[in-house]
>>> print(open('target_12.pdb').read())   # PDB, C-alpha atoms
MODEL        1
ATOM      1  CA  MET A 251      84.830  95.450 150.025
ATOM      2  CA  ILE A 252      84.990  93.552 146.738
ATOM      3  CA  ILE A 253      81.186  93.418 146.569
ATOM      4  CA  TYR A 254      80.962  97.198 146.723
ATOM      5  CA  LEU A 255      83.757  97.742 144.197
ATOM      6  CA  GLN A 256      81.974  95.509 141.672
ATOM      7  CA  THR A 257      79.114  98.017 141.591
ATOM      8  CA  ILE A 258      81.465 100.865 140.595
ATOM      9  CA  VAL A 259      82.653 101.098 136.979
ATOM     10  CA  ASP A 260      85.044 104.079 137.005
ATOM     11  CA  PRO A 261      88.541 103.303 138.399
ATOM     12  CA  ALA A 262      88.808 106.775 139.980
ATOM     13  CA  ASP A 263      85.490 106.220 141.772
ATOM     14  CA  ARG A 264      86.712 102.803 142.917
ATOM     15  CA  SER A 265      89.796 104.388 144.431
ATOM     16  CA  LYS A 266      87.660 107.049 146.073
ATOM     17  CA  PHE A 267      85.337 104.408 147.512
ATOM     18  CA  GLU A 268      88.293 102.430 148.892
ATOM     19  CA  ARG A 269      89.469 105.533 150.757
ATOM     20  CA  VAL A 270      85.971 106.155 152.123
ATOM     21  CA  TYR A 271      85.715 102.525 153.184
ATOM     22  CA  LEU A 272      89.064 102.471 154.944
ATOM     23  CA  ASN A 273      88.597 105.877 156.596
ATOM     24  CA  TYR A 274      85.029 105.478 157.858
ATOM     25  CA  ARG A 275      84.136 101.812 158.400
ATOM     26  CA  ALA A 276      84.878 101.896 162.155
ATOM     27  CA  PHE A 277      83.133 105.261 162.522
ATOM     28  CA  MET A 278      80.080 103.917 160.699
ATOM     29  CA  PHE A 279      79.977 100.802 162.848
ATOM     30  CA  TYR A 280      80.147 102.977 165.967
ATOM     31  CA  ILE A 281      77.156 105.042 164.794
ATOM     32  CA  ALA A 282      75.079 102.003 163.830
ATOM     33  CA  ASN A 283      75.900 100.162 167.050
ATOM     34  CA  LYS A 284      74.971 103.234 169.141
ATOM     35  CA  ILE A 285      71.522 103.135 167.574
ATOM     36  CA  LEU A 286      70.914  99.408 167.308
ATOM     37  CA  HIS A 287      72.786  98.053 170.359
ATOM     38  CA  ASN A 288      73.405  94.829 168.447
ATOM     39  CA  THR A 289      76.634  93.922 166.646
ATOM     40  CA  GLN A 290      75.034  91.894 163.852
ATOM     41  CA  ASP A 291      72.378  94.512 163.140
ATOM     42  CA  ALA A 292      75.033  97.241 163.179
ATOM     43  CA  GLU A 293      77.057  95.296 160.614
ATOM     44  CA  ASP A 294      73.949  94.978 158.423
ATOM     45  CA  ALA A 295      73.274  98.713 158.685
ATOM     46  CA  VAL A 296      76.888  99.526 157.752
ATOM     47  CA  HIS A 297      76.651  97.151 154.796
ATOM     48  CA  ASN A 298      73.471  98.900 153.596
ATOM     49  CA  ALA A 299      75.141 102.278 154.093
ATOM     50  CA  PHE A 300      78.151 101.229 152.016
ATOM     51  CA  LEU A 301      75.837 100.001 149.242
ATOM     52  CA  SER A 302      74.173 103.413 149.219
ATOM     53  CA  ILE A 303      77.517 105.210 149.244
ATOM     54  CA  ALA A 304      78.805 103.022 146.375
ATOM     55  CA  LYS A 305      75.672 103.857 144.395
ATOM     56  CA  ASN A 306      76.268 107.593 144.956
ATOM     57  CA  ILE A 307      80.094 107.681 145.011
ATOM     58  CA  GLU A 308      80.231 110.357 142.310
ATOM     59  CA  LYS A 309      78.696 112.815 144.806
ATOM     60  CA  ILE A 310      81.774 112.568 147.025
ATOM     61  CA  GLU A 311      84.514 114.960 146.019
ATOM     62  CA  ASP A 312      87.122 114.494 148.769
ATOM     63  CA  PRO A 313      86.896 111.276 150.815
ATOM     64  CA  THR A 314      88.659 112.873 153.799
ATOM     65  CA  SER A 315      86.634 116.087 154.013
ATOM     66  CA  LEU A 316      84.231 117.044 156.792
ATOM     67  CA  LYS A 317      81.468 117.146 154.200
ATOM     68  CA  THR A 318      82.092 113.480 153.408
ATOM     69  CA  ARG A 319      82.199 112.599 157.111
ATOM     70  CA  GLY A 320      78.813 114.289 157.585
ATOM     71  CA  TYR A 321      77.380 112.538 154.541
ATOM     72  CA  VAL A 322      78.633 109.149 155.731
ATOM     73  CA  SER A 323      77.274 109.673 159.246
ATOM     74  CA  ILE A 324      73.831 110.687 157.985
ATOM     75  CA  ILE A 325      73.642 107.730 155.584
ATOM     76  CA  THR A 326      74.679 105.338 158.345
ATOM     77  CA  GLU A 327      72.228 106.814 160.844
ATOM     78  CA  ARG A 328      69.358 106.566 158.342
ATOM     79  CA  LYS A 329      70.196 102.960 157.436
ATOM     80  CA  ALA A 330      70.438 101.999 161.122
ATOM     81  CA  ILE A 331      67.083 103.622 161.870
ATOM     82  CA  ASP A 332      65.528 101.884 158.865
ATOM     83  CA  LEU A 333      66.854  98.553 160.093
ATOM     84  CA  TYR A 334      65.608  99.293 163.602
ATOM     85  CA  ARG A 335      62.146 100.006 162.227
ATOM     86  CA  GLU A 336      62.193  96.862 160.124
ATOM     87  CA  ARG A 337      63.151  94.728 163.118
ATOM     88  CA  LYS A 338      60.535  96.346 165.359
ATOM     89  CA  LYS A 339      57.622  96.788 162.960
ATOM     90  CA  TYR A 340      55.610  93.984 164.540
ATOM     91  CA  GLU A 341      55.994  95.332 168.043
ATOM     92  CA  SER A 342      53.429  97.760 169.410
ATOM     93  CA  ASN A 343      55.969 100.472 170.207
ATOM     94  CA  GLU A 344      56.807 102.700 167.282
ATOM     95  CA  LEU A 345      60.248 104.168 166.818
ATOM     96  CA  ALA A 346      60.735 107.651 168.134
ATOM     97  CA  GLU A 347      63.737 109.025 166.244
ATOM     98  CA  ASP A 348      64.666 111.168 169.217
ATOM     99  CA  GLU A 349      65.339 107.982 171.179
ATOM    100  CA  VAL A 350      67.725 106.391 168.698
ATOM    101  CA  SER A 351      69.498 109.279 167.042
ATOM    102  CA  ILE A 352      73.149 110.046 167.498
ATOM    103  CA  PRO A 353      73.657 112.774 170.083
ATOM    104  CA  PHE A 354      74.498 116.053 168.410
ATOM    105  CA  PRO A 355      76.938 118.060 170.555
ATOM    106  CA  LEU A 356      75.639 121.470 171.567
ATOM    107  CA  PRO A 357      77.807 124.339 170.349
ATOM    108  CA  GLU A 358      79.290 126.575 173.025
ATOM    109  CA  GLU A 359      77.710 129.769 171.686
ATOM    110  CA  HIS A 360      73.998 130.470 171.316
ATOM    111  CA  GLY A 361      73.602 131.052 167.609
ATOM    112  CA  LEU A 362      72.325 129.322 164.519
ATOM    113  CA  GLU A 363      74.381 126.188 165.233
ATOM    114  CA  TRP A 364      72.813 126.033 168.701
ATOM    115  CA  CYS A 365      69.340 126.212 167.185
ATOM    116  CA  ILE A 366      70.171 123.545 164.573
ATOM    117  CA  SER A 367      71.417 121.252 167.332
ATOM    118  CA  LYS A 368      68.030 121.556 169.057
ATOM    119  CA  LEU A 369      66.122 120.343 165.968
ATOM    120  CA  PRO A 370      64.702 116.799 165.918
ATOM    121  CA  PRO A 371      67.182 114.465 164.167
ATOM    122  CA  ARG A 372      65.261 114.130 160.905
ATOM    123  CA  TYR A 373      64.884 117.901 160.550
ATOM    124  CA  ARG A 374      68.539 118.433 161.484
ATOM    125  CA  GLN A 375      69.601 115.932 158.812
ATOM    126  CA  ALA A 376      67.520 117.670 156.156
ATOM    127  CA  ILE A 377      68.908 121.101 157.062
ATOM    128  CA  LEU A 378      72.519 119.887 157.164
ATOM    129  CA  LEU A 379      72.268 117.918 153.917
ATOM    130  CA  LYS A 380      70.727 120.805 152.018
ATOM    131  CA  TYR A 381      72.355 123.907 153.433
ATOM    132  CA  SER A 382      75.657 122.652 154.818
ATOM    133  CA  HIS A 383      76.490 119.907 152.337
ATOM    134  CA  GLY A 384      74.726 121.443 149.317
ATOM    135  CA  TYR A 385      72.580 118.508 148.210
ATOM    136  CA  SER A 386      69.497 119.141 146.102
ATOM    137  CA  THR A 387      66.026 118.127 147.245
ATOM    138  CA  LYS A 388      66.102 115.238 144.774
ATOM    139  CA  GLU A 389      69.443 114.017 146.145
ATOM    140  CA  ILE A 390      68.167 114.326 149.724
ATOM    141  CA  ALA A 391      65.153 112.229 148.738
ATOM    142  CA  GLU A 392      67.497 109.512 147.461
ATOM    143  CA  ILE A 393      69.723 109.675 150.549
ATOM    144  CA  LEU A 394      66.809 109.487 152.986
ATOM    145  CA  ASP A 395      64.936 107.006 150.790
ATOM    146  CA  ILE A 396      61.815 109.156 150.488
ATOM    147  CA  SER A 397      59.984 110.743 147.562
ATOM    148  CA  PRO A 398      61.118 114.143 146.261
ATOM    149  CA  ALA A 399      57.789 115.618 147.410
ATOM    150  CA  ALA A 400      58.357 114.268 150.924
ATOM    151  CA  ALA A 401      61.905 115.663 150.905
ATOM    152  CA  SER A 402      60.589 119.071 149.882
ATOM    153  CA  LYS A 403      57.966 118.991 152.630
ATOM    154  CA  LEU A 404      60.596 117.840 155.140
ATOM    155  CA  ASP A 405      62.754 120.805 154.167
ATOM    156  CA  GLN A 406      59.808 123.194 154.654
ATOM    157  CA  ARG A 407      58.970 121.752 158.059
ATOM    158  CA  ALA A 408      62.607 121.773 159.153
ATOM    159  CA  LYS A 409      62.998 125.445 158.191
ATOM    160  CA  LYS A 410      59.781 126.335 159.991
ATOM    161  CA  LYS A 411      60.870 124.516 163.146
ATOM    162  CA  LEU A 412      64.328 126.103 162.949
ATOM    163  CA  TYR A 413      62.721 129.532 162.634
ATOM    164  CA  GLU A 414      60.583 128.837 165.731
ATOM    165  CA  ILE A 415      63.604 127.691 167.731
ATOM    166  CA  CYS A 416      65.594 130.746 166.646
ATOM    167  CA  GLN A 417      62.758 132.996 167.816
ATOM    168  CA  GLU A 418      62.570 131.180 171.181
ATOM    169  CA  GLU A 419      66.326 131.502 171.667
ATOM    170  CA  GLY A 420      66.262 135.197 170.755
ATOM    171  CA  ILE A 421      68.417 134.745 167.659
ATOM    172  CA  LEU A 422      65.828 136.394 165.413
TER     173      LEU A 422
ENDMDL
END
>>> encode(input="target_12.pdb", output="C-alpha cells")
Amino acid sequence: MIIYLQTIVDPADRSKFERVYLNYRAFMFYIANKILHNTQDAEDAVHNAFLSIAKNIEKIEDPTSLKTRGYVSIITERKAIDLYRERKKYESNELAEDEVSIPFPLPEEHGLEWCISKLPPRYRQAILLKYSHGYSTKEIAEILDISPAAASKLDQRAKKKLYEICQEEGIL
C-alpha cells in the first residue's frame, strides 16, 4: 500500500485511499480472479486497478458508498480484461468480453434495470459510469483507457443498444 500512497500528495486523499484499499482489496481480487483464473495475474490486475484509483482518488467522495463500489468493480474488471488481452494477444483466439465479464445479476422486475443487465459488458459499463455514477465522457475515457472520441462513440452505441433492448422487452 505504501507504493500507492506515495503517489498521493494530499493527506485527506491518502486517508480516503487507505479506506478504499482496506474495504475493497478482497473484492477486487475476487473480480480479477473470476476473469483471469490465475492468482498471479489477478494480483497484477488488482495492482493496476489500485494505481488507477490512486491516480483518480479525488473523484471518490465516500469510500464506502455504492457508487465507489461500482467504480472500483468497473476499474478492476477493465484492468483484468486488459491484462487478459495482453497475455493472449499472440494467440489466434481474440477476447470476447462476454466470455470474461463479471456476471451481472438480473433484476427481478422487467424494467430499465433489466434492459441494462442485458447489455454487453462494455456498453453496460459505459451506461453505468455515465448515468448512474455521473462521470463525464472525458473521465470515462480515462477510466476505460480509451480516447474521448471513442468514449463518446461508446456512449452513443450503448444508448442505441439499450433503446433496442427496451423496445424488444416492451419497456418503450
>>> resolve_selection(input="target_12.pdb", expression="the PyMOL selection byres ((chain A and resi 393-404) around 8)", output="list in words")
Ser302, Ile325, Arg328, Tyr373, Ala376, Thr387, Lys388, Glu389, Ile390, Ala391, Glu392, Asp405, Gln406, Arg407 and Ala408 of chain A
>>> atom_distance(input="target_12.pdb", atom1="atom CA of Pro370 of chain A", atom2="atom CA of Asp294 of chain A")
24.9 Å
>>> resolve_selection(input="target_12.pdb", expression="the PyMOL selection byres ((chain A and resi 309) around 10)", output="tab-separated table (two decimals) with C-alpha atoms, keeping the file's coordinate frame")
chain	number	residue	atom	x	y	z
A	263	ASP	CA	85.49	106.22	141.77
A	303	ILE	CA	77.52	105.21	149.24
A	304	ALA	CA	78.81	103.02	146.38
A	305	LYS	CA	75.67	103.86	144.40
A	306	ASN	CA	76.27	107.59	144.96
A	307	ILE	CA	80.09	107.68	145.01
A	308	GLU	CA	80.23	110.36	142.31
A	310	ILE	CA	81.77	112.57	147.02
A	311	GLU	CA	84.51	114.96	146.02
A	312	ASP	CA	87.12	114.49	148.77
A	318	THR	CA	82.09	113.48	153.41
A	321	TYR	CA	77.38	112.54	154.54
A	385	TYR	CA	72.58	118.51	148.21
A	389	GLU	CA	69.44	114.02	146.15
>>> closest_residue(input="target_12.pdb", among="A:Ile258, A:Leu286, A:Val296, A:Leu301", to="Arg337 of chain A", atoms="only C-alpha atoms")
A:Leu286
>>> resolve_selection(input="target_12.pdb", expression="the PyMOL selection byres ((chain A and resi 313) around 10)", output="list in words")
Ser265, Lys266, Phe267, Glu268, Arg269, Val270, Tyr271, Leu272, Asn273, Tyr274, Ile307, Ile310, Glu311, Asp312, Thr314, Ser315, Leu316, Lys317, Thr318, Arg319 and Val322 of chain A
>>> axis_aligned_box(input="target_12.pdb", around="segment 322-327 of chain A", padding_each_side="8 Å", output="AutoDock Vina command-line options")
--center_x 75.4 --center_y 108.0 --center_z 158.2 --size_x 22.4 --size_y 21.3 --size_z 21.3
>>> closest_residue(input="target_12.pdb", among="A:Leu412, A:Leu362, A:Leu378, A:Ala330", to="Tyr280 of chain A", atoms="only C-alpha atoms")
A:Ala330
>>> atom_distance(input="target_12.pdb", atom1="atom CA of Tyr334 of chain A", atom2="atom CA of Ile285 of chain A")
8.1 Å
>>> atom_distance(input="target_12.pdb", atom1="atom CA of Ile281 of chain A", atom2="atom CA of Ser323 of chain A")
7.2 Å
>>> decode(input="target_12.pdb", residues="segment 268-296 of chain A", atoms="N, CA, C and O atoms", output="compact mmCIF listing (two decimals), in the first residue's frame")
# COMPACT_ATOMS: atom_id res chain seq x y z
N GLU A 268 -6.61 4.80 1.70
CA GLU A 268 -6.42 3.70 2.66
C GLU A 268 -7.75 2.98 2.93
O GLU A 268 -7.79 1.75 2.98
N ARG A 269 -8.81 3.76 3.10
CA ARG A 269 -10.13 3.15 3.35
C ARG A 269 -10.60 2.36 2.14
O ARG A 269 -11.15 1.27 2.28
N VAL A 270 -10.38 2.88 0.94
CA VAL A 270 -10.75 2.16 -0.27
C VAL A 270 -9.95 0.86 -0.35
O VAL A 270 -10.50 -0.21 -0.61
N TYR A 271 -8.67 0.96 -0.09
CA TYR A 271 -7.79 -0.21 -0.15
C TYR A 271 -8.26 -1.29 0.83
O TYR A 271 -8.40 -2.46 0.46
N LEU A 272 -8.47 -0.90 2.05
CA LEU A 272 -8.86 -1.88 3.07
C LEU A 272 -10.25 -2.47 2.83
O LEU A 272 -10.49 -3.64 3.09
N ASN A 273 -11.17 -1.64 2.33
CA ASN A 273 -12.54 -2.10 2.11
C ASN A 273 -12.69 -2.99 0.88
O ASN A 273 -13.55 -3.87 0.86
N TYR A 274 -11.89 -2.76 -0.17
CA TYR A 274 -12.18 -3.39 -1.46
C TYR A 274 -11.10 -4.34 -2.00
O TYR A 274 -11.31 -4.94 -3.04
N ARG A 275 -9.97 -4.48 -1.34
CA ARG A 275 -8.91 -5.29 -1.93
C ARG A 275 -9.34 -6.75 -2.17
O ARG A 275 -9.05 -7.31 -3.22
N ALA A 276 -10.05 -7.35 -1.23
CA ALA A 276 -10.51 -8.73 -1.42
C ALA A 276 -11.56 -8.81 -2.52
O ALA A 276 -11.55 -9.73 -3.35
N PHE A 277 -12.46 -7.85 -2.54
CA PHE A 277 -13.49 -7.77 -3.58
C PHE A 277 -12.86 -7.64 -4.96
O PHE A 277 -13.25 -8.32 -5.91
N MET A 278 -11.84 -6.80 -5.06
CA MET A 278 -11.17 -6.58 -6.34
C MET A 278 -10.43 -7.84 -6.78
O MET A 278 -10.45 -8.20 -7.97
N PHE A 279 -9.80 -8.52 -5.84
CA PHE A 279 -9.12 -9.76 -6.19
C PHE A 279 -10.12 -10.80 -6.68
O PHE A 279 -9.86 -11.52 -7.65
N TYR A 280 -11.27 -10.87 -6.05
CA TYR A 280 -12.31 -11.81 -6.46
C TYR A 280 -12.73 -11.54 -7.91
O TYR A 280 -12.83 -12.46 -8.72
N ILE A 281 -12.96 -10.28 -8.24
CA ILE A 281 -13.36 -9.91 -9.60
C ILE A 281 -12.27 -10.29 -10.61
O ILE A 281 -12.54 -10.93 -11.62
N ALA A 282 -11.05 -9.90 -10.32
CA ALA A 282 -9.94 -10.17 -11.24
C ALA A 282 -9.71 -11.67 -11.40
O ALA A 282 -9.48 -12.16 -12.52
N ASN A 283 -9.80 -12.42 -10.33
CA ASN A 283 -9.58 -13.86 -10.39
C ASN A 283 -10.70 -14.56 -11.15
O ASN A 283 -10.47 -15.56 -11.83
N LYS A 284 -11.94 -14.04 -11.05
CA LYS A 284 -13.06 -14.60 -11.80
C LYS A 284 -12.83 -14.48 -13.30
O LYS A 284 -13.21 -15.34 -14.08
N ILE A 285 -12.18 -13.41 -13.71
CA ILE A 285 -11.92 -13.17 -15.12
C ILE A 285 -10.68 -13.92 -15.59
O ILE A 285 -10.69 -14.55 -16.65
N LEU A 286 -9.62 -13.84 -14.81
CA LEU A 286 -8.33 -14.35 -15.26
C LEU A 286 -8.04 -15.81 -14.89
O LEU A 286 -7.21 -16.45 -15.52
N HIS A 287 -8.68 -16.31 -13.87
CA HIS A 287 -8.49 -17.70 -13.42
C HIS A 287 -7.02 -18.01 -13.13
O HIS A 287 -6.54 -19.10 -13.40
N ASN A 288 -6.31 -17.01 -12.61
CA ASN A 288 -4.89 -17.17 -12.31
C ASN A 288 -4.56 -16.19 -11.18
O ASN A 288 -4.73 -14.98 -11.34
N THR A 289 -4.06 -16.70 -10.07
CA THR A 289 -3.81 -15.88 -8.90
C THR A 289 -2.81 -14.76 -9.17
O THR A 289 -3.04 -13.61 -8.79
N GLN A 290 -1.70 -15.08 -9.82
CA GLN A 290 -0.68 -14.06 -10.08
C GLN A 290 -1.20 -12.98 -11.01
O GLN A 290 -0.95 -11.78 -10.79
N ASP A 291 -1.90 -13.37 -12.06
CA ASP A 291 -2.46 -12.38 -12.98
C ASP A 291 -3.51 -11.53 -12.28
O ASP A 291 -3.60 -10.32 -12.52
N ALA A 292 -4.30 -12.14 -11.42
CA ALA A 292 -5.32 -11.39 -10.68
C ALA A 292 -4.66 -10.35 -9.78
O ALA A 292 -5.13 -9.21 -9.67
N GLU A 293 -3.57 -10.73 -9.14
CA GLU A 293 -2.84 -9.78 -8.29
C GLU A 293 -2.29 -8.62 -9.14
O GLU A 293 -2.33 -7.46 -8.70
N ASP A 294 -1.79 -8.91 -10.32
CA ASP A 294 -1.31 -7.86 -11.21
C ASP A 294 -2.44 -6.92 -11.61
O ASP A 294 -2.26 -5.70 -11.65
N ALA A 295 -3.59 -7.48 -11.94
CA ALA A 295 -4.74 -6.67 -12.34
C ALA A 295 -5.19 -5.77 -11.19
O ALA A 295 -5.51 -4.59 -11.39
N VAL A 296 -5.22 -6.31 -9.98
CA VAL A 296 -5.61 -5.52 -8.80
C VAL A 296 -4.59 -4.40 -8.57
O VAL A 296 -4.96 -3.26 -8.27
